[in-house]
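Working notes, beginning with the structure itself.
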Amino acid sequence: MTRGWRGLLKGAVGPRDNDSRYLLNVHRRDLPGQDTMARYAESDEVDLVIVGAGAGGSVLAQRLARRGWRIVIIEAGPFWHPDEDWVSDEAGSHQLYWTQERVIGGADPIELGKNNSGRGVGGSMVHYAGYTPRFHPSDFETKALDGVGADWPISYWDLKPHYEQVERELPVAGQDWPWGDPHGYPFSPHPIGEAASVLWQGARQLGIEMRVGPVGIVNGTFGNRPHCIYRGFCLQGCKVNAKASPYVTHLPDAIAHGVEIRANSMAVRVELDEAGGRATGVTYVREGDAAHRHQRARAVAVCGYSIETPRLLLHSTSKRFPNGLGNNDDQVGRYVMVQGASQTAGRFPQELRMYKGPPPEVSSEQYYETDSSRGFARGFSIQTVSPQPIGWAEHVLADGHWGRALREYMRDYNHWTTIGLLNELLPHPENRVTLADDTDPYGIPVARFDYSLTDNDRANMAYSTKVIEEILQAAGAQDTLTIHRYAHLVGGGRMGATPQDSVVDSDHRVWGLPNLFLCDGSVCPTQGSANPALTIMALASRLAQRIATGRVRAGGDGVPPATA
Amino acid sequence: MPNSEKRDLQKPDHLPNLRPRKQPRHPSWLPRQRRGTTPQMIGRYPDYDVFENAENWDAATREVVTSRLQMNDPLRFFTAEEEPALRALCDATTAQDSEPRVPVAEMVDDKLAAGRLDGYRYANMPRDTDTWRLVLRGLDETARSRYGVEGFAAADLEAQETIVAAMSDGSLTGGAWDELDVARAFSVCMRAILAAFYSHPWAWNEIGYGGPAYPQGYMRLGPVSILEPHERPGATSEDPVRIADELGP
């Protein structure tokens, strides 16, 4: 990796074609332009309706709005006003999560809600920790390389320019990255706290390489976005505007280019034309109003993530798709993945006060790829984390303590530091989203998510948990506590080469419906051991570029843009 | 003389996993709280009160946190019959045996009455609201059948802890328990109880947690300095009177 000029220019180069950082107000955290935002009539056939204002939908909207597309985003959750709505407090941040009813089943049910599901303008990235690693080239061909998982119809190299572009837009801060496709970052690494240094020390003793970052958190200033203040509430929504989420990185620019965000609006169905060959728009309801509304559009992109995207498709039945849109081959909602995310905490003689500084600080991808000597396929990554008190109480409870013992461990909070895992758990057709019997207040069946581990998954989790426990021992921990948990979601509408084993093609088009796109984490056929946010944004960036340059014609005779 | 016993908090020998039968010491070894309030007025940071920094919190956060000090309305979700078992369960699982108490029962009641869900329900379990009612009924039934007392709240603490331990490993059966996956019901209840207890600023005083930090931020990440101006070090084996003198009023 050449440092040279790039090293000198660190922190000084911004992205082209995205002015979000300058549109933000220094004194207010509100998304600028909400009051003067474009408004489209429901009878007006806009160029694109997007369902979901998260990582995928926001990037897609921002890119295409800049090409003159007239776009409406339908978002189930609220339009945030962070100065008033967000707080420096764990329990007070409950409304950031998708807490509407969902059913979880299978042999290893996955907890949803605050663990992995966002709601509102900005999506789950409003409360993600901030880690923004790339996928490795191997993630796109695990079947060919390791005989497990699936091969993507695109490669890492198709996404690489978009990873670079999105990293400049967030902007990502971190050390030069030696793993996967080695690369540098546009911003220098953040200083790290004592809690993370202790862990890094332990890893070094064992010969495990770690690096600071990569995080989508401003180090320095970035337009009107200030430096991080290290208050540690990344998972509760960044009131500082230092942590990247579409709310600050893409939606300001999108609104400035004519995108309308219709918040508190829950999509009910994607509608098709008479013949069932084209999407014609989206039916939705506004909160507190049972009336069905319909927004007409020349193309539709569903960007609701791995639970809500399959739910919407499965609920959109029609004569041509009696089992749900794009589901004639029974692929919708299958191969949903989560990552193993066990965490081990260690006790040290000195106070570490792990609540200071962003939870994501130092990470390692040394164990990312398959090593046959470990006895399982694929691997895991290691990342420092730092739970606030409620998260720490759940950690202590998971080790079997409640009552007086729990209080004792809790009083010891300031002496502890925590290291976590992301295990690549393999895709499986029976790990799937279906519609449950219960319905939500709008009468839409709620999602049911079944999940069960495989032997490979369990072997990976057992091996990796030993590694992080050894790191803590090497660091000199006096006591350790381990919690087994899961994080992140991808899959459920995966891309592939044929309709028989996937939901969308390599251009995110639902098979058989040329103007219906899925553009969120649900399209990922595998997940690697990397946090998914950056990849979801990069996929949306790539799709937008292919549409904008005419490589994807979103309908037999081509779709928009209006100005083209 | 547990109160005068000198302890070095660099050593971990107070931690339950390192002690016989994984049981902690009786909390009387802890210093009494000298500033602010903690649950039962015990804690490891006797001179720390998170509210001394409240003027530096943003208004939205200050409102959310201080509202937790006024949680003393009558229960809305739980019935008068359920209330004793609810309070006893909250007390036993958070080891609150005296005043001042974090009002865990009121906070759980408020969450359920307002319909604030957590975003998932196990397929083999009823809704969280129904789970809570079944659990409280089950606790009363078990206390009656095993200990011959009127209800869970009437059992002594040891009996309550035995029942809760059996609930945590899923080994309770009969009556209401047969309608539940008992271990999962324990996790549903504990999720709400712990979120209530450790969202309360009195609990933050007890554990020395720095609290909200916007717009101020945290500047001392260690190792040279780990304490912000408003934070206080943990209780040590030094003479607390001398420390108090040094810190000033």
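Each chain of the structure tokens is named A, B, ... in the order shown, its residues numbered from 1; ligands are numbered from 1 in display order.
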Residue list for chain B near chain A as a PyMOL selection string, 7 Å, only C-alpha atoms: chain B and resi 10-12+15-16+23-24+43-44+60-61+64+92-95+117-123+194-195+198-199+206-207+212-214+217-218+221-223
Residues within 8 Å of Ala105 in chain B, only C-alpha atoms, excluding chain neighbours under 3 positions, as a ChimeraX atom specification: /B:86-87,90,108-109,193
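Proximity to Asn327 in chain A was assessed for A:Leu513, A:Ala53, A:Val300, A:Ile444 counting only C-alpha atoms; the smallest distance is recorded for A:Leu513.
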Can you tell me which residues surround Ile255 in chain A at a distance of at most 10 Å, considering only C-alpha atoms, apart from same-chain residues fewer than 4 positions away, and format the answer as a PDB file with C-alpha atoms, in the first residue's frame?
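Output contents, as saved in out.pdb:
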```pdb
ATOM      1  CA  SER A  20     -24.360  16.256   2.747  1.00  0.00           C
ATOM      2  CA  LEU A  31     -31.974  16.887   8.866  1.00  0.00           C
ATOM      3  CA  PRO A  32     -31.822  20.099   6.843  1.00  0.00           C
ATOM      4  CA  GLY A  33     -34.540  20.665   4.288  1.00  0.00           C
ATOM      5  CA  GLN A  34     -37.394  18.765   5.919  1.00  0.00           C
ATOM      6  CA  THR A  36     -38.868  22.681   2.153  1.00  0.00           C
ATOM      7  CA  MET A  37     -38.603  19.111   0.892  1.00  0.00           C
ATOM      8  CA  ALA A  38     -40.255  18.239  -2.438  1.00  0.00           C
ATOM      9  CA  ALA A  61     -32.084   7.795  -3.456  1.00  0.00           C
ATOM     10  CA  GLN A  62     -29.171  10.198  -3.120  1.00  0.00           C
ATOM     11  CA  ALA A  65     -31.793  12.104  -7.292  1.00  0.00           C
ATOM     12  CA  ILE A  71     -38.149   9.859  -5.803  1.00  0.00           C
ATOM     13  CA  HIS A 250     -26.741  10.828   2.260  1.00  0.00           C
ATOM     14  CA  LEU A 251     -30.223  12.096   3.102  1.00  0.00           C
ATOM     15  CA  VAL A 259     -36.276  13.432  -2.739  1.00  0.00           C
ATOM     16  CA  GLU A 260     -39.429  13.324  -0.613  1.00  0.00           C
ATOM     17  CA  ILE A 261     -39.284  11.236   2.580  1.00  0.00           C
TER      18      ILE A 261
END
```
Among range 10-187 of chain B, which residues carry a DSSP assignment of alpha helix (DSSP H), reported as a short mmCIF file (atom, residue, chain, number, x, y, z; two decimals) with N, CA and C atoms, in the first residue's frame?
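After the write, out09.cif holds the following:
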```
data_model
loop_
_atom_site.label_atom_id
_atom_site.label_comp_id
_atom_site.auth_asym_id
_atom_site.auth_seq_id
_atom_site.Cartn_x
_atom_site.Cartn_y
_atom_site.Cartn_z
N ALA B 59 -30.82 19.02 27.47
CA ALA B 59 -32.14 19.10 28.12
C ALA B 59 -32.96 17.82 27.93
N ALA B 60 -32.92 17.25 26.74
CA ALA B 60 -33.74 16.05 26.49
C ALA B 60 -33.31 14.91 27.40
N THR B 61 -32.00 14.73 27.54
CA THR B 61 -31.49 13.66 28.39
C THR B 61 -31.81 13.92 29.85
N ARG B 62 -31.64 15.18 30.26
CA ARG B 62 -31.90 15.51 31.66
C ARG B 62 -33.35 15.19 32.02
N GLU B 63 -34.26 15.48 31.09
CA GLU B 63 -35.67 15.22 31.37
C GLU B 63 -35.93 13.72 31.50
N VAL B 64 -35.36 12.94 30.57
CA VAL B 64 -35.59 11.49 30.62
C VAL B 64 -35.02 10.89 31.91
N VAL B 65 -33.82 11.31 32.29
CA VAL B 65 -33.18 10.71 33.46
C VAL B 65 -33.86 11.15 34.75
N THR B 66 -34.17 12.44 34.88
CA THR B 66 -34.77 12.89 36.14
C THR B 66 -36.20 12.37 36.30
N SER B 67 -36.87 12.08 35.17
CA SER B 67 -38.24 11.55 35.30
C SER B 67 -38.24 10.22 36.04
N GLU B 83 -49.60 -7.46 42.64
CA GLU B 83 -48.59 -6.51 43.09
C GLU B 83 -47.59 -7.09 44.10
N PRO B 84 -48.03 -7.84 45.14
CA PRO B 84 -47.04 -8.33 46.10
C PRO B 84 -45.98 -9.23 45.46
N ALA B 85 -46.41 -10.15 44.60
CA ALA B 85 -45.45 -11.05 43.96
C ALA B 85 -44.51 -10.26 43.05
N LEU B 86 -45.07 -9.26 42.34
CA LEU B 86 -44.24 -8.43 41.47
C LEU B 86 -43.14 -7.74 42.28
N ARG B 87 -43.54 -7.11 43.38
CA ARG B 87 -42.54 -6.39 44.18
C ARG B 87 -41.50 -7.35 44.77
N ALA B 88 -41.96 -8.51 45.21
CA ALA B 88 -41.03 -9.47 45.80
C ALA B 88 -40.05 -9.99 44.75
N LEU B 89 -40.55 -10.23 43.53
CA LEU B 89 -39.67 -10.70 42.46
C LEU B 89 -38.63 -9.63 42.12
N CYS B 90 -39.09 -8.39 41.96
CA CYS B 90 -38.15 -7.30 41.63
C CYS B 90 -37.11 -7.15 42.74
N ASP B 91 -37.53 -7.23 43.99
CA ASP B 91 -36.59 -7.09 45.10
C ASP B 91 -35.57 -8.23 45.14
N ALA B 92 -36.06 -9.46 44.97
CA ALA B 92 -35.16 -10.61 45.08
C ALA B 92 -34.13 -10.63 43.95
N THR B 93 -34.56 -10.27 42.73
CA THR B 93 -33.64 -10.38 41.60
C THR B 93 -32.67 -9.21 41.54
N THR B 94 -32.96 -8.12 42.27
CA THR B 94 -32.01 -7.00 42.30
C THR B 94 -31.45 -6.81 43.70
N VAL B 104 -38.25 -0.44 40.78
CA VAL B 104 -38.24 -1.35 39.63
C VAL B 104 -39.67 -1.77 39.27
N ALA B 105 -40.49 -2.11 40.27
CA ALA B 105 -41.85 -2.57 39.98
C ALA B 105 -42.62 -1.49 39.21
N GLU B 106 -42.50 -0.24 39.66
CA GLU B 106 -43.21 0.86 38.99
C GLU B 106 -42.70 1.03 37.56
N MET B 107 -41.40 0.87 37.37
CA MET B 107 -40.83 1.08 36.04
C MET B 107 -41.25 -0.03 35.08
N VAL B 108 -41.28 -1.27 35.58
CA VAL B 108 -41.74 -2.39 34.75
C VAL B 108 -43.22 -2.19 34.42
N ASP B 109 -44.00 -1.79 35.42
CA ASP B 109 -45.43 -1.56 35.21
C ASP B 109 -45.66 -0.49 34.14
N ASP B 110 -44.86 0.57 34.21
CA ASP B 110 -45.00 1.67 33.25
C ASP B 110 -44.71 1.19 31.84
N LYS B 111 -43.67 0.38 31.70
CA LYS B 111 -43.30 -0.14 30.37
C LYS B 111 -44.44 -0.99 29.80
N LEU B 112 -44.99 -1.87 30.64
CA LEU B 112 -46.03 -2.77 30.13
C LEU B 112 -47.35 -2.02 29.89
N ALA B 113 -47.66 -1.07 30.79
CA ALA B 113 -48.90 -0.30 30.61
C ALA B 113 -48.83 0.53 29.35
N ASP B 128 -45.43 -10.81 25.90
CA ASP B 128 -44.72 -10.46 27.14
C ASP B 128 -45.68 -10.08 28.27
N THR B 129 -46.75 -9.35 27.92
CA THR B 129 -47.70 -8.95 28.96
C THR B 129 -48.33 -10.18 29.62
N ASP B 130 -48.69 -11.18 28.80
CA ASP B 130 -49.28 -12.41 29.37
C ASP B 130 -48.23 -13.21 30.12
N THR B 131 -47.00 -13.21 29.61
CA THR B 131 -45.92 -13.92 30.29
C THR B 131 -45.77 -13.40 31.72
N TRP B 132 -45.77 -12.08 31.87
CA TRP B 132 -45.61 -11.50 33.21
C TRP B 132 -46.71 -11.96 34.16
N ARG B 133 -47.95 -11.95 33.67
CA ARG B 133 -49.05 -12.34 34.56
C ARG B 133 -48.93 -13.81 34.94
N LEU B 134 -48.55 -14.65 33.96
CA LEU B 134 -48.39 -16.09 34.26
C LEU B 134 -47.26 -16.31 35.25
N VAL B 135 -46.17 -15.58 35.08
CA VAL B 135 -45.03 -15.75 35.99
C VAL B 135 -45.44 -15.41 37.42
N LEU B 136 -46.13 -14.30 37.60
CA LEU B 136 -46.51 -13.90 38.96
C LEU B 136 -47.47 -14.92 39.57
N ARG B 137 -48.40 -15.42 38.74
CA ARG B 137 -49.30 -16.47 39.24
C ARG B 137 -48.50 -17.71 39.62
N GLY B 138 -47.56 -18.08 38.76
CA GLY B 138 -46.75 -19.27 39.02
C GLY B 138 -45.93 -19.13 40.29
N LEU B 139 -45.36 -17.94 40.52
CA LEU B 139 -44.56 -17.73 41.73
C LEU B 139 -45.42 -17.91 42.98
N ASP B 140 -46.63 -17.36 42.95
CA ASP B 140 -47.54 -17.53 44.10
C ASP B 140 -47.90 -19.00 44.29
N GLU B 141 -48.21 -19.69 43.20
CA GLU B 141 -48.58 -21.11 43.30
C GLU B 141 -47.44 -21.93 43.89
N THR B 142 -46.22 -21.68 43.39
CA THR B 142 -45.08 -22.47 43.87
C THR B 142 -44.81 -22.20 45.34
N ALA B 143 -44.91 -20.92 45.73
CA ALA B 143 -44.67 -20.58 47.13
C ALA B 143 -45.70 -21.26 48.03
N ARG B 144 -46.96 -21.29 47.58
CA ARG B 144 -48.01 -21.93 48.38
C ARG B 144 -47.77 -23.43 48.50
N SER B 145 -47.48 -24.06 47.35
CA SER B 145 -47.38 -25.52 47.40
C SER B 145 -46.09 -25.98 48.08
N ARG B 146 -45.00 -25.23 47.91
CA ARG B 146 -43.73 -25.70 48.48
C ARG B 146 -43.54 -25.26 49.93
N TYR B 147 -44.00 -24.06 50.24
CA TYR B 147 -43.69 -23.51 51.57
C TYR B 147 -44.93 -23.26 52.41
N LEU B 157 -36.78 -14.68 52.34
CA LEU B 157 -35.90 -14.38 51.22
C LEU B 157 -35.21 -15.63 50.68
N GLU B 158 -34.81 -16.52 51.60
CA GLU B 158 -34.13 -17.73 51.15
C GLU B 158 -35.05 -18.57 50.26
N ALA B 159 -36.30 -18.68 50.68
CA ALA B 159 -37.26 -19.45 49.88
C ALA B 159 -37.49 -18.76 48.54
N GLN B 160 -37.62 -17.44 48.56
CA GLN B 160 -37.80 -16.71 47.30
C GLN B 160 -36.62 -16.94 46.36
N GLU B 161 -35.41 -16.90 46.93
CA GLU B 161 -34.23 -17.08 46.08
C GLU B 161 -34.16 -18.50 45.53
N THR B 162 -34.60 -19.46 46.30
CA THR B 162 -34.63 -20.84 45.81
C THR B 162 -35.59 -20.97 44.64
N ILE B 163 -36.75 -20.32 44.77
CA ILE B 163 -37.74 -20.39 43.68
C ILE B 163 -37.22 -19.68 42.43
N VAL B 164 -36.62 -18.49 42.62
CA VAL B 164 -36.11 -17.76 41.45
C VAL B 164 -34.98 -18.56 40.78
N ALA B 165 -34.14 -19.21 41.59
CA ALA B 165 -33.07 -20.02 41.00
C ALA B 165 -33.66 -21.14 40.15
N ALA B 166 -34.72 -21.76 40.66
CA ALA B 166 -35.37 -22.83 39.89
C ALA B 166 -36.02 -22.28 38.62
N MET B 167 -36.52 -21.06 38.72
CA MET B 167 -37.09 -20.43 37.53
C MET B 167 -36.00 -20.15 36.50
N SER B 168 -34.84 -19.69 36.96
CA SER B 168 -33.78 -19.32 36.02
C SER B 168 -33.26 -20.54 35.26
N VAL B 182 -40.17 -21.90 30.88
CA VAL B 182 -39.89 -21.19 32.13
C VAL B 182 -38.57 -20.41 32.06
N ALA B 183 -37.53 -21.02 31.50
CA ALA B 183 -36.24 -20.31 31.43
C ALA B 183 -36.37 -19.05 30.57
N ARG B 184 -37.14 -19.16 29.47
CA ARG B 184 -37.33 -17.97 28.63
C ARG B 184 -38.18 -16.93 29.34
N ALA B 185 -39.15 -17.39 30.13
CA ALA B 185 -39.95 -16.44 30.89
C ALA B 185 -39.05 -15.67 31.87
N PHE B 186 -38.08 -16.38 32.45
CA PHE B 186 -37.13 -15.70 33.34
C PHE B 186 -36.37 -14.62 32.57
N SER B 187 -35.95 -14.96 31.35
CA SER B 187 -35.19 -13.96 30.59
C SER B 187 -36.08 -12.79 30.19
#
```
Length of the CA of Val270 in chain A to CA of Arg494 in chain A vector [Å]: 18.4 Å
Residue contacts of Gly333 in chain A (8 Å, only C-alpha atoms) excluding same-chain residues fewer than 6 positions away, as an MDAnalysis selection string: chainID A and resid 306:307 310:311 432:434 491:493
All residues 12 Å or closer to range 147-154 of chain A, only C-alpha atoms, same chain fewer than 2 positions away omitted, as a VMD selection string: chain A and resid 137 to 145 156 to 160 335 to 337 370 376 to 379 424 to 429 454 456 to 457 491 494 to 498 501 to 502 504 to 508 523 to 528 539 542 to 543
Strand (DSSP E) residues, from DSSP on the backbone, in range 302-357 of chain A, as a VMD selection string: chain A and resid 302 337 to 340 343 to 347
Exercise: Val51 in chain A partners within 8 Å, only C-alpha atoms, chain neighbours under 3 positions left out, as a PyMOL selection string: chain A and resi 57+73-75+267+300-304
Take the residues from that selection and put them in a file with N, CA and C atoms, as a PDB file, in the first residue's frame.
```pdb
ATOM      1  N   GLY A  57     -31.655   2.205   0.969  1.00  0.00           N
ATOM      2  CA  GLY A  57     -32.590   3.125   0.332  1.00  0.00           C
ATOM      3  C   GLY A  57     -32.058   4.544   0.231  1.00  0.00           C
ATOM      4  N   ILE A  73     -39.521   8.307  -0.763  1.00  0.00           N
ATOM      5  CA  ILE A  73     -39.160   7.221   0.163  1.00  0.00           C
ATOM      6  C   ILE A  73     -40.287   7.061   1.175  1.00  0.00           C
ATOM      7  N   ILE A  74     -40.810   5.833   1.271  1.00  0.00           N
ATOM      8  CA  ILE A  74     -41.826   5.501   2.269  1.00  0.00           C
ATOM      9  C   ILE A  74     -41.091   4.891   3.465  1.00  0.00           C
ATOM     10  N   GLU A  75     -41.231   5.498   4.640  1.00  0.00           N
ATOM     11  CA  GLU A  75     -40.497   5.003   5.812  1.00  0.00           C
ATOM     12  C   GLU A  75     -41.482   4.766   6.959  1.00  0.00           C
ATOM     13  N   ALA A 267     -45.433   0.543   4.488  1.00  0.00           N
ATOM     14  CA  ALA A 267     -45.785  -0.073   3.219  1.00  0.00           C
ATOM     15  C   ALA A 267     -46.608  -1.337   3.474  1.00  0.00           C
ATOM     16  N   VAL A 300     -39.908   0.480  -8.464  1.00  0.00           N
ATOM     17  CA  VAL A 300     -40.001   0.340  -7.015  1.00  0.00           C
ATOM     18  C   VAL A 300     -38.735  -0.328  -6.496  1.00  0.00           C
ATOM     19  N   ALA A 301     -38.188   0.194  -5.404  1.00  0.00           N
ATOM     20  CA  ALA A 301     -37.060  -0.462  -4.733  1.00  0.00           C
ATOM     21  C   ALA A 301     -37.460  -0.752  -3.281  1.00  0.00           C
ATOM     22  N   VAL A 302     -37.400  -2.009  -2.893  1.00  0.00           N
ATOM     23  CA  VAL A 302     -37.721  -2.390  -1.514  1.00  0.00           C
ATOM     24  C   VAL A 302     -36.407  -2.460  -0.739  1.00  0.00           C
ATOM     25  N   CYS A 303     -36.301  -1.656   0.309  1.00  0.00           N
ATOM     26  CA  CYS A 303     -35.054  -1.535   1.076  1.00  0.00           C
ATOM     27  C   CYS A 303     -35.366  -1.619   2.564  1.00  0.00           C
ATOM     28  N   GLY A 304     -36.114  -2.659   2.951  1.00  0.00           N
ATOM     29  CA  GLY A 304     -36.601  -2.750   4.336  1.00  0.00           C
ATOM     30  C   GLY A 304     -35.797  -3.675   5.216  1.00  0.00           C
TER      31      GLY A 304
END
```
